[in-house]
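See below for entry.pdb, which holds PDB, C-alpha atoms.
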ATOM      1  CA  MET A   1      -5.527  -9.287 -13.985
ATOM      2  CA  SER A   2      -8.093 -11.582 -12.443
ATOM      3  CA  ASN A   3      -8.543 -11.954  -8.684
ATOM      4  CA  ARG A   4      -7.027  -8.517  -8.106
ATOM      5  CA  LEU A   5      -5.748  -7.611  -4.686
ATOM      6  CA  ILE A   6      -6.933  -4.009  -5.109
ATOM      7  CA  HIS A   7      -9.974  -2.500  -6.769
ATOM      8  CA  ALA A   8      -9.220   1.190  -7.246
ATOM      9  CA  ALA A   9     -11.360   4.185  -8.210
ATOM     10  CA  MET A  10      -9.416   7.367  -8.983
ATOM     11  CA  HIS A  11     -10.927  10.648 -10.191
ATOM     12  CA  THR A  12      -9.948  14.301 -10.385
ATOM     13  CA  ASP A  13     -12.069  17.404 -10.979
ATOM     14  CA  VAL A  14     -11.210  21.038 -11.631
ATOM     15  CA  GLY A  15     -13.694  22.321  -9.040
ATOM     16  CA  GLN A  16     -15.782  25.491  -9.238
ATOM     17  CA  ILE A  17     -13.178  28.256  -8.915
ATOM     18  CA  ARG A  18     -10.011  27.285 -10.774
ATOM     19  CA  ASP A  19      -9.800  27.503 -14.560
ATOM     20  CA  HIS A  20      -7.422  24.535 -14.834
ATOM     21  CA  ASN A  21      -6.535  21.409 -12.863
ATOM     22  CA  GLU A  22      -3.176  21.293 -11.078
ATOM     23  CA  ASP A  23      -3.905  17.937  -9.436
ATOM     24  CA  TYR A  24      -2.635  14.694 -10.925
ATOM     25  CA  ILE A  25      -3.408  11.026 -10.305
ATOM     26  CA  LEU A  26      -1.266   8.030 -11.207
ATOM     27  CA  ARG A  27      -1.914   4.321 -10.825
ATOM     28  CA  ARG A  28       0.406   1.466 -11.664
ATOM     29  CA  GLU A  29      -0.948  -2.058 -11.181
ATOM     30  CA  PRO A  30       1.028  -5.287 -11.724
ATOM     31  CA  ALA A  31       0.618  -7.325 -14.886
ATOM     32  CA  ASN A  32       1.565 -10.751 -13.504
ATOM     33  CA  GLU A  33       2.771 -12.596 -10.429
ATOM     34  CA  SER A  34       6.414 -11.650 -11.015
ATOM     35  CA  ASP A  35       5.378  -8.008 -11.197
ATOM     36  CA  ILE A  36       3.417  -8.422  -7.949
ATOM     37  CA  ALA A  37       6.511  -9.755  -6.178
ATOM     38  CA  GLN A  38       8.784  -7.004  -7.516
ATOM     39  CA  ASN A  39       6.603  -3.897  -7.454
ATOM     40  CA  GLY A  40       3.142  -4.439  -5.974
ATOM     41  CA  TRP A  41       0.440  -1.830  -6.529
ATOM     42  CA  LEU A  42       1.381   1.881  -6.685
ATOM     43  CA  TYR A  43      -1.032   4.842  -6.466
ATOM     44  CA  ILE A  44      -0.224   8.567  -6.336
ATOM     45  CA  VAL A  45      -2.204  11.751  -5.757
ATOM     46  CA  ALA A  46      -0.286  14.993  -6.331
ATOM     47  CA  ASP A  47      -1.480  18.578  -5.946
ATOM     48  CA  GLY A  48       0.457  21.310  -7.756
ATOM     49  CA  VAL A  49       1.057  23.966  -5.125
ATOM     50  CA  GLY A  50      -1.425  26.841  -5.406
ATOM     51  CA  GLY A  51       0.192  30.092  -6.460
ATOM     52  CA  ALA A  52       3.139  28.396  -8.125
ATOM     53  CA  ASP A  53       3.689  28.700 -11.864
ATOM     54  CA  ALA A  54       2.834  25.560 -13.810
ATOM     55  CA  GLY A  55       1.671  23.569 -10.806
ATOM     56  CA  GLU A  56       0.050  21.097 -13.179
ATOM     57  CA  VAL A  57       3.444  20.447 -14.781
ATOM     58  CA  ALA A  58       5.032  19.886 -11.371
ATOM     59  CA  SER A  59       2.408  17.406 -10.170
ATOM     60  CA  GLN A  60       2.511  15.324 -13.366
ATOM     61  CA  PHE A  61       6.291  15.403 -13.767
ATOM     62  CA  ALA A  62       6.988  14.521 -10.118
ATOM     63  CA  SER A  63       4.468  11.664 -10.195
ATOM     64  CA  GLN A  64       5.897  10.145 -13.364
ATOM     65  CA  GLN A  65       9.469  10.474 -12.097
ATOM     66  CA  THR A  66       8.526   8.900  -8.782
ATOM     67  CA  LEU A  67       7.133   5.911 -10.682
ATOM     68  CA  ASN A  68      10.229   5.693 -12.911
ATOM     69  CA  HIS A  69      12.610   5.684  -9.959
ATOM     70  CA  TYR A  70      10.444   3.218  -8.051
ATOM     71  CA  LEU A  71      10.499   0.698 -10.918
ATOM     72  CA  ARG A  72      14.228   1.225 -11.392
ATOM     73  CA  ASN A  73      14.945   0.353  -7.772
ATOM     74  CA  SER A  74      13.112  -2.990  -7.733
ATOM     75  CA  SER A  75      16.035  -4.690  -5.970
ATOM     76  CA  GLN A  76      15.671  -2.496  -2.867
ATOM     77  CA  GLU A  77      14.401  -4.629   0.008
ATOM     78  CA  SER A  78      12.442  -2.035   1.985
ATOM     79  CA  TRP A  79       9.494  -0.997  -0.161
ATOM     80  CA  GLY A  80       8.641   1.910   2.123
ATOM     81  CA  GLN A  81      12.136   3.374   1.920
ATOM     82  CA  ARG A  82      12.143   2.615  -1.801
ATOM     83  CA  LEU A  83       9.044   4.799  -2.180
ATOM     84  CA  VAL A  84      10.525   7.644  -0.115
ATOM     85  CA  ASP A  85      13.819   7.480  -2.041
ATOM     86  CA  SER A  86      11.894   7.583  -5.326
ATOM     87  CA  MET A  87      10.029  10.717  -4.231
ATOM     88  CA  GLN A  88      13.284  12.362  -3.152
ATOM     89  CA  ALA A  89      14.830  11.513  -6.518
ATOM     90  CA  ALA A  90      11.768  12.982  -8.268
ATOM     91  CA  ASN A  91      12.244  16.124  -6.191
ATOM     92  CA  THR A  92      15.820  16.421  -7.523
ATOM     93  CA  ASP A  93      14.594  15.851 -11.081
ATOM     94  CA  LEU A  94      11.935  18.528 -10.706
ATOM     95  CA  ARG A  95      14.389  21.084  -9.351
ATOM     96  CA  ARG A  96      16.834  20.270 -12.150
ATOM     97  CA  MET A  97      14.130  20.706 -14.786
ATOM     98  CA  VAL A  98      13.173  24.097 -13.362
ATOM     99  CA  ALA A  99      16.813  25.199 -13.321
ATOM    100  CA  GLU A 100      17.331  24.118 -16.937
ATOM    101  CA  ARG A 101      14.278  26.084 -18.060
ATOM    102  CA  ASN A 102      15.890  29.244 -16.733
ATOM    103  CA  ASP A 103      12.635  31.217 -16.958
ATOM    104  CA  ASN A 104      12.229  32.088 -13.271
ATOM    105  CA  SER A 105       9.237  29.751 -13.009
ATOM    106  CA  ARG A 106       8.432  28.083  -9.696
ATOM    107  CA  MET A 107       7.200  24.514  -9.660
ATOM    108  CA  ALA A 108       6.213  22.524  -6.599
ATOM    109  CA  THR A 109       3.715  19.862  -5.646
ATOM    110  CA  THR A 110       2.392  17.940  -2.688
ATOM    111  CA  MET A 111       2.278  14.163  -2.988
ATOM    112  CA  VAL A 112       0.709  11.259  -1.151
ATOM    113  CA  ALA A 113       1.623   7.820  -2.500
ATOM    114  CA  ALA A 114       0.635   4.303  -1.511
ATOM    115  CA  VAL A 115       2.364   1.022  -2.335
ATOM    116  CA  ILE A 116       0.546  -2.224  -1.534
ATOM    117  CA  ASP A 117       2.724  -5.267  -0.917
ATOM    118  CA  GLN A 118       0.430  -8.257  -0.319
ATOM    119  CA  HIS A 119      -1.293  -7.391   2.984
ATOM    120  CA  LYS A 120       0.829  -4.346   3.855
ATOM    121  CA  ALA A 121       0.498  -0.722   2.747
ATOM    122  CA  TYR A 122       3.329   1.802   2.680
ATOM    123  CA  ILE A 123       2.157   5.435   2.603
ATOM    124  CA  ALA A 124       4.564   8.297   1.870
ATOM    125  CA  ASN A 125       3.490  11.916   2.147
ATOM    126  CA  VAL A 126       4.833  15.418   1.624
ATOM    127  CA  GLY A 127       2.548  18.459   1.979
ATOM    128  CA  ASP A 128      -1.116  18.444   2.933
ATOM    129  CA  SER A 129      -2.644  15.831   0.645
ATOM    130  CA  ARG A 130      -3.949  13.018   2.829
ATOM    131  CA  ALA A 131      -4.307   9.274   3.261
ATOM    132  CA  TYR A 132      -7.030   7.670   5.384
ATOM    133  CA  LEU A 133      -7.778   4.087   6.375
ATOM    134  CA  TRP A 134     -11.429   2.981   6.539
ATOM    135  CA  ARG A 135     -12.080  -0.262   8.407
ATOM    136  CA  ASN A 136     -15.357  -1.704   9.684
ATOM    137  CA  GLY A 137     -17.133   1.636   9.837
ATOM    138  CA  THR A 138     -14.300   3.668  11.358
ATOM    139  CA  LEU A 139     -11.982   6.156   9.642
ATOM    140  CA  ASP A 140      -8.443   7.041  10.723
ATOM    141  CA  GLN A 141      -6.217   9.663   9.146
ATOM    142  CA  ILE A 142      -2.898   7.988   8.367
ATOM    143  CA  THR A 143      -0.869  11.002   7.275
ATOM    144  CA  LYS A 144      -0.162  14.230   9.121
ATOM    145  CA  ASP A 145      -0.632  17.524   7.291
ATOM    146  CA  GLN A 146       2.676  19.283   6.753
ATOM    147  CA  SER A 147       1.059  22.701   6.948
ATOM    148  CA  LEU A 148       1.415  25.833   9.033
ATOM    149  CA  VAL A 149      -2.068  25.439  10.512
ATOM    150  CA  ALA A 150      -1.441  21.794  11.436
ATOM    151  CA  LYS A 151       1.773  22.785  13.213
ATOM    152  CA  LEU A 152       0.054  25.614  15.098
ATOM    153  CA  LEU A 153      -2.722  23.237  16.084
ATOM    154  CA  GLU A 154      -0.241  20.602  17.257
ATOM    155  CA  GLU A 155       1.579  23.196  19.372
ATOM    156  CA  GLY A 156      -1.688  24.380  20.910
ATOM    157  CA  ALA A 157      -1.342  27.868  19.452
ATOM    158  CA  ILE A 158      -4.808  27.689  17.861
ATOM    159  CA  THR A 159      -7.964  25.636  18.388
ATOM    160  CA  GLU A 160      -9.569  23.242  15.913
ATOM    161  CA  ALA A 161     -12.342  25.784  15.340
ATOM    162  CA  GLU A 162      -9.757  28.463  14.531
ATOM    163  CA  ALA A 163      -7.891  26.072  12.261
ATOM    164  CA  GLU A 164     -10.936  25.485  10.061
ATOM    165  CA  ASN A 165     -11.081  29.116   8.960
ATOM    166  CA  HIS A 166      -7.508  30.218   9.523
ATOM    167  CA  PRO A 167      -6.393  32.807   6.913
ATOM    168  CA  ARG A 168      -3.150  30.878   6.279
ATOM    169  CA  ARG A 169      -4.596  27.379   6.145
ATOM    170  CA  ASN A 170      -3.233  26.929   2.602
ATOM    171  CA  VAL A 171       0.403  27.472   3.633
ATOM    172  CA  ILE A 172       2.318  24.177   3.471
ATOM    173  CA  LEU A 173       5.721  23.609   5.065
ATOM    174  CA  TYR A 174       7.160  21.053   2.635
ATOM    175  CA  SER A 175       6.624  20.064  -0.981
ATOM    176  CA  LEU A 176       8.476  18.440  -3.846
ATOM    177  CA  GLY A 177      10.401  21.058  -5.807
ATOM    178  CA  SER A 178      10.501  23.708  -3.096
ATOM    179  CA  GLU A 179      13.767  22.649  -1.451
ATOM    180  CA  ARG A 180      16.707  20.316  -1.877
ATOM    181  CA  SER A 181      15.558  17.617   0.542
ATOM    182  CA  PRO A 182      11.959  18.014   1.718
ATOM    183  CA  LYS A 183      10.660  16.103   4.718
ATOM    184  CA  ILE A 184       8.789  13.018   3.504
ATOM    185  CA  ASP A 185       6.798  11.092   6.100
ATOM    186  CA  LEU A 186       6.421   7.315   5.848
ATOM    187  CA  PHE A 187       3.640   5.243   7.401
ATOM    188  CA  GLU A 188       2.947   1.500   7.388
ATOM    189  CA  ARG A 189      -0.365  -0.275   7.856
ATOM    190  CA  PHE A 190      -1.339  -3.954   7.798
ATOM    191  CA  LEU A 191      -4.484  -4.446   5.746
ATOM    192  CA  GLU A 192      -7.487  -6.666   6.350
ATOM    193  CA  PRO A 193     -10.000  -7.783   3.691
ATOM    194  CA  GLU A 194     -12.540  -5.028   2.886
ATOM    195  CA  ASP A 195     -10.266  -2.227   4.166
ATOM    196  CA  LYS A 196     -10.298   0.938   2.074
ATOM    197  CA  ILE A 197      -7.484   3.475   1.720
ATOM    198  CA  LEU A 198      -8.494   6.988   0.681
ATOM    199  CA  LEU A 199      -5.927   9.243  -1.004
ATOM    200  CA  CYS A 200      -7.067  12.802  -1.633
ATOM    201  CA  SER A 201      -6.019  16.389  -2.199
ATOM    202  CA  ASP A 202      -7.103  19.170   0.147
ATOM    203  CA  GLY A 203      -9.737  20.199  -2.389
ATOM    204  CA  LEU A 204     -11.848  17.411  -0.897
ATOM    205  CA  THR A 205     -11.062  17.725   2.807
ATOM    206  CA  ARG A 206     -11.670  21.480   2.975
ATOM    207  CA  HIS A 207     -15.327  20.823   2.117
ATOM    208  CA  VAL A 208     -16.045  17.330   3.502
ATOM    209  CA  SER A 209     -15.582  16.315   7.134
ATOM    210  CA  ASP A 210     -13.992  13.071   8.316
ATOM    211  CA  ASP A 211     -17.359  11.856   9.630
ATOM    212  CA  GLU A 212     -18.897  12.359   6.201
ATOM    213  CA  LEU A 213     -15.973  10.629   4.502
ATOM    214  CA  CYS A 214     -16.498   7.662   6.807
ATOM    215  CA  GLN A 215     -20.191   7.435   5.917
ATOM    216  CA  TYR A 216     -19.561   7.568   2.174
ATOM    217  CA  LEU A 217     -16.748   5.018   2.299
ATOM    218  CA  ALA A 218     -19.090   2.462   3.857
ATOM    219  CA  SER A 219     -20.525   1.874   0.381
ATOM    220  CA  ASP A 220     -19.130  -1.056  -1.613
ATOM    221  CA  ASN A 221     -19.474   0.876  -4.871
ATOM    222  CA  ILE A 222     -16.249   2.890  -4.746
ATOM    223  CA  GLU A 223     -16.751   4.415  -8.215
ATOM    224  CA  GLU A 224     -20.072   5.851  -7.104
ATOM    225  CA  THR A 225     -18.558   6.946  -3.786
ATOM    226  CA  SER A 226     -15.740   8.806  -5.526
ATOM    227  CA  ASN A 227     -18.107  10.647  -7.853
ATOM    228  CA  SER A 228     -20.511  11.460  -5.011
ATOM    229  CA  LEU A 229     -17.747  12.975  -2.883
ATOM    230  CA  ILE A 230     -16.569  15.138  -5.773
ATOM    231  CA  THR A 231     -20.146  16.316  -6.330
ATOM    232  CA  LEU A 232     -20.510  17.094  -2.619
ATOM    233  CA  ALA A 233     -17.296  19.154  -2.563
ATOM    234  CA  ASN A 234     -18.381  21.045  -5.674
ATOM    235  CA  ASN A 235     -21.826  21.759  -4.231
ATOM    236  CA  ARG A 236     -20.140  23.300  -1.201
ATOM    237  CA  GLY A 237     -18.047  25.681  -3.259
ATOM    238  CA  GLY A 238     -15.392  23.599  -5.007
ATOM    239  CA  GLN A 239     -12.752  26.180  -4.089
ATOM    240  CA  ASP A 240      -9.876  24.014  -5.292
ATOM    241  CA  ASN A 241      -9.190  21.089  -7.587
ATOM    242  CA  ILE A 242     -10.652  17.885  -6.120
ATOM    243  CA  THR A 243      -8.854  14.554  -6.416
ATOM    244  CA  ILE A 244      -9.821  11.214  -4.884
ATOM    245  CA  GLY A 245      -8.309   7.736  -4.965
ATOM    246  CA  ILE A 246     -10.153   4.920  -3.170
ATOM    247  CA  LEU A 247      -8.243   1.644  -2.862
ATOM    248  CA  HIS A 248     -10.438  -1.275  -1.842
ATOM    249  CA  PHE A 249      -8.367  -4.137  -0.428
ATOM    250  CA  LEU A 250      -9.995  -7.381  -1.512
ATOM    251  CA  GLY A 251      -7.750  -9.954   0.138
ATOM    252  CA  GLU A 252      -5.095 -12.413  -0.928
ATOM    253  CA  THR A 253      -3.353 -12.182  -4.272
ATOM    254  CA  PRO A 254      -2.933 -15.107  -6.689
ATOM    255  CA  LEU A 255       0.739 -15.103  -5.633
ATOM    256  CA  GLN A 256      -0.193 -15.542  -1.995
ATOM    257  CA  ASN A 257      -2.619 -18.309  -2.888
ATOM    258  CA  SER A 258       0.018 -20.123  -4.907
ATOM    259  CA  LYS A 259       2.478 -19.864  -2.018
ATOM    260  CA  ILE A 260      -0.081 -21.154   0.423
ATOM    261  CA  ASN A 261      -1.204 -23.934  -1.888
ATOM    262  CA  GLY A 262       2.406 -24.822  -2.654
ATOM    263  CA  SER A 263       3.189 -25.082   1.037
ATOM    264  CA  SER A 264       0.098 -27.220   1.646
ATOM    265  CA  GLN A 265       0.907 -29.371  -1.335
ATOM    266  CA  GLN A 266       4.408 -29.920  -0.023
ATOM    267  CA  LYS A 267       3.032 -30.957   3.335
ATOM    268  CA  THR A 268       0.588 -33.280   1.598
ATOM    269  CA  MET A 269       3.381 -34.867  -0.419
ATOM    270  CA  ILE A 270       5.399 -35.369   2.737
ATOM    271  CA  GLY A 271       2.379 -37.076   4.216
ATOM    272  CA  LYS A 272       2.094 -39.371   1.222
ATOM    273  CA  THR A 273       5.743 -40.380   0.922
ATOM    274  CA  ALA A 274       7.632 -39.983   4.175
ATOM    275  CA  VAL A 275       4.952 -41.414   6.454
ATOM    276  CA  PRO A 276       4.276 -44.568   4.378
ATOM    277  CA  ALA A 277       8.054 -45.059   4.032
ATOM    278  CA  ALA A 278       8.416 -44.942   7.781
ATOM    279  CA  ALA A 279       5.550 -47.406   8.135
ATOM    280  CA  ALA A 280       7.168 -49.723   5.598
ATOM    281  CA  GLN A 281      10.479 -49.525   7.440
ATOM    282  CA  SER A 282       8.733 -50.341  10.711
ATOM    283  CA  SER A 283       6.933 -53.300   9.105
ATOM    284  CA  LYS A 284      10.205 -54.620   7.697
ATOM    285  CA  SER A 285      11.901 -54.421  11.090
ATOM    286  CA  LEU A 286       8.973 -56.205  12.733
ATOM    287  CA  TRP A 287       9.199 -59.005  10.166
ATOM    288  CA  ARG A 288      12.921 -59.471  10.884
ATOM    289  CA  LEU A 289      12.295 -59.576  14.623
ATOM    290  CA  THR A 290       9.551 -62.169  14.159
ATOM    291  CA  LEU A 291      11.865 -64.318  12.037
ATOM    292  CA  LEU A 292      14.615 -64.040  14.623
ATOM    293  CA  LEU A 293      12.284 -65.036  17.444
ATOM    294  CA  THR A 294      11.059 -68.010  15.377
ATOM    295  CA  VAL A 295      14.629 -69.198  14.827
ATOM    296  CA  VAL A 296      15.478 -68.796  18.517
ATOM    297  CA  GLN A 297      12.300 -70.615  19.534
ATOM    298  CA  THR A 298      13.057 -73.485  17.141
ATOM    299  CA  PHE A 299      16.620 -73.745  18.455
ATOM    300  CA  LEU A 300      15.406 -73.887  22.076
ATOM    301  CA  ILE A 301      12.848 -76.605  21.248
ATOM    302  CA  VAL A 302      15.493 -78.705  19.505
ATOM    303  CA  PHE A 303      17.967 -78.123  22.354
ATOM    304  CA  LEU A 304      15.480 -79.129  25.044
ATOM    305  CA  TRP A 305      14.377 -82.206  23.035
ATOM    306  CA  ALA A 306      17.997 -83.283  22.744
ATOM    307  CA  MET A 307      18.599 -82.844  26.467
ATOM    308  CA  LEU A 308      15.554 -84.921  27.385
ATOM    309  CA  PHE A 309      16.356 -87.882  25.210
ATOM    310  CA  ALA A 310      20.101 -87.835  25.495
TER     311      ALA A 310
END
Written form, structure tokens:
Amino acid sequence: MSNRLIHAAMHTDVGQIRDHNEDYILRREPANESDIAQNGWLYIVADGVGGADAGEVASQFASQQTLNHYLRNSSQESWGQRLVDSMQAANTDLRRMVAERNDNSRMATTMVAAVIDQHKAYIANVGDSRAYLWRNGTLDQITKDQSLVAKLLEEGAITEAEAENHPRRNVILYSLGSERSPKIDLFERFLEPEDKILLCSDGLTRHVSDDELCQYLASDNIEETSNSLITLANNRGGQDNITIGILHFLGETPLQNSKINGSSQQKTMIGKTAVPAAAAQSSKSLWRLTLLLTVVQTFLIVFLWAMLFA
């Protein structure tokens, strides 16, 4: 649709080591103003857990089910909780599908998802895929890695230097499909025009530093930025599938504009009807007072004239 709130570039690449891609990207953008009000913009990056059977099936299935549940629950007031509930429901669906297959296969996936509601972003995350916010030349990591290394680092058991090359850096603590109710983190951010949200799998962040991400995201050409970052990760080894989603926040939506214009128009109409009406009422009252004073004055003149010549 025209005057889009979000311009998104989303790409995935198999990398240099894997023979297939277990990452999955999903984007669902509104078709009209009613759709904007009910669902907003939804973007998902999922990474089938390395070492699991059919990780590519898990990432695609969980993403599609998350979208299905999200659209089904359009009456839910809290969009952030709606997103988390949809991911939890997708987790149940994934576990049920695996159980029905009865072939001893293991399916799990990380997921980072973003919903944009006007000027607010809701980010839900499970696993070690990430979301960043780029604003005015600075980059902040929104999500927290749910990984063994991140936990050890948070507890002070290892240093950042040790974390970079830790032998168990690929071990994640939570994922969709791995347990009945995985821990899903929810974050909220208010957006300003020209902000960019980066969603990515760890195939990117294991090869590209935050400082480098910040430099690349400064470019206005997000399609070129996405492709350049994938090329950079591949040139440095491409040890995993690489998936990137860049969401460029452009500003107000047509719905917002119509609300603002409607409000202004209402104020303008009030100015054109209520104020003149009040002025007319005041003018009418003034005319009555003038008439009354004229009558009183005439009566006094007649009364005094009669008294003088009586």
Next on the checklist: I need the residue nearest Asp140 (chain A) from this list: A:Ala233, A:Ala62, A:Ala54, A:Ile197. Use all atoms listed in the file for the distance.
Outcome noted: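 Among A:Ala233, A:Ala62, A:Ala54, A:Ile197, it is A:Ile197 that comes nearest to Asp140 (chain A).
Considering the residues A:Asn241, A:Ser178, A:Asn235, A:Ser228 and counting all atoms listed in the file, Asp202 (chain A) has its shortest atom-to-atom contact with A:Asn241.
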Checklist entry - What residues come out when you apply the PyMOL selection byres ((chain A and resi 40) around 9) to this file, written as JSON, numbers by chain? => result {"A": [28, 29, 30, 35, 36, 37, 38, 39, 41, 42, 115, 116, 117, 118]}
Write the residues of the selection above to a file with C-alpha atoms, as a compact mmCIF listing (two decimals), keeping the file's coordinate frame.
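The result, written out as again_7.txt:
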# COMPACT_ATOMS: atom_id res chain seq x y z
CA ARG A 28 0.41 1.47 -11.66
CA GLU A 29 -0.95 -2.06 -11.18
CA PRO A 30 1.03 -5.29 -11.72
CA ASP A 35 5.38 -8.01 -11.20
CA ILE A 36 3.42 -8.42 -7.95
CA ALA A 37 6.51 -9.76 -6.18
CA GLN A 38 8.78 -7.00 -7.52
CA ASN A 39 6.60 -3.90 -7.45
CA TRP A 41 0.44 -1.83 -6.53
CA LEU A 42 1.38 1.88 -6.68
CA VAL A 115 2.36 1.02 -2.34
CA ILE A 116 0.55 -2.22 -1.53
CA ASP A 117 2.72 -5.27 -0.92
CA GLN A 118 0.43 -8.26 -0.32
Checklist entry - Exactly which residues make up the result of the PyMOL selection byres ((chain A and resi 70) around 10) on this file, given as an NGL selection string? => result :A and (39 or 42 or 64-69 or 71-76 or 79 or 82-87 or 89-90)
If you keep C-alpha atoms, can you produce a file of those selected residues as a PDB file, in the frame of the given file?
ATOM      1  CA  ASN A  39       6.603  -3.897  -7.454  1.00  0.00           C
ATOM      2  CA  LEU A  42       1.381   1.881  -6.685  1.00  0.00           C
ATOM      3  CA  GLN A  64       5.897  10.145 -13.364  1.00  0.00           C
ATOM      4  CA  GLN A  65       9.469  10.474 -12.097  1.00  0.00           C
ATOM      5  CA  THR A  66       8.526   8.900  -8.782  1.00  0.00           C
ATOM      6  CA  LEU A  67       7.133   5.911 -10.682  1.00  0.00           C
ATOM      7  CA  ASN A  68      10.229   5.693 -12.911  1.00  0.00           C
ATOM      8  CA  HIS A  69      12.610   5.684  -9.959  1.00  0.00           C
ATOM      9  CA  LEU A  71      10.499   0.698 -10.918  1.00  0.00           C
ATOM     10  CA  ARG A  72      14.228   1.225 -11.392  1.00  0.00           C
ATOM     11  CA  ASN A  73      14.945   0.353  -7.772  1.00  0.00           C
ATOM     12  CA  SER A  74      13.112  -2.990  -7.733  1.00  0.00           C
ATOM     13  CA  SER A  75      16.035  -4.690  -5.970  1.00  0.00           C
ATOM     14  CA  GLN A  76      15.671  -2.496  -2.867  1.00  0.00           C
ATOM     15  CA  TRP A  79       9.494  -0.997  -0.161  1.00  0.00           C
ATOM     16  CA  ARG A  82      12.143   2.615  -1.801  1.00  0.00           C
ATOM     17  CA  LEU A  83       9.044   4.799  -2.180  1.00  0.00           C
ATOM     18  CA  VAL A  84      10.525   7.644  -0.115  1.00  0.00           C
ATOM     19  CA  ASP A  85      13.819   7.480  -2.041  1.00  0.00           C
ATOM     20  CA  SER A  86      11.894   7.583  -5.326  1.00  0.00           C
ATOM     21  CA  MET A  87      10.029  10.717  -4.231  1.00  0.00           C
ATOM     22  CA  ALA A  89      14.830  11.513  -6.518  1.00  0.00           C
ATOM     23  CA  ALA A  90      11.768  12.982  -8.268  1.00  0.00           C
TER      24      ALA A  90
END
Checklist entry - What does the distance between CA of Gln146 (chain A) and CA of Tyr43 (chain A) come to in Å, to one decimal place? => result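 Going from CA of Gln146 (chain A) over to CA of Tyr43 (chain A) covers 19.9 Å.
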Item to check | Residue neighbourhood Ala113 (chain A), 9 Å, only C-alpha atoms, exclusion window fewer than 5 positions, as a PyMOL selection string | outcome: chain A and resi 42-46+83+122-125+131+199
Item to check | Resolved residues for the PyMOL selection byres ((chain A and resi 211) around 12) as a PyMOL selection string | outcome: chain A and resi 132+134+137-141+205+207-210+212-218
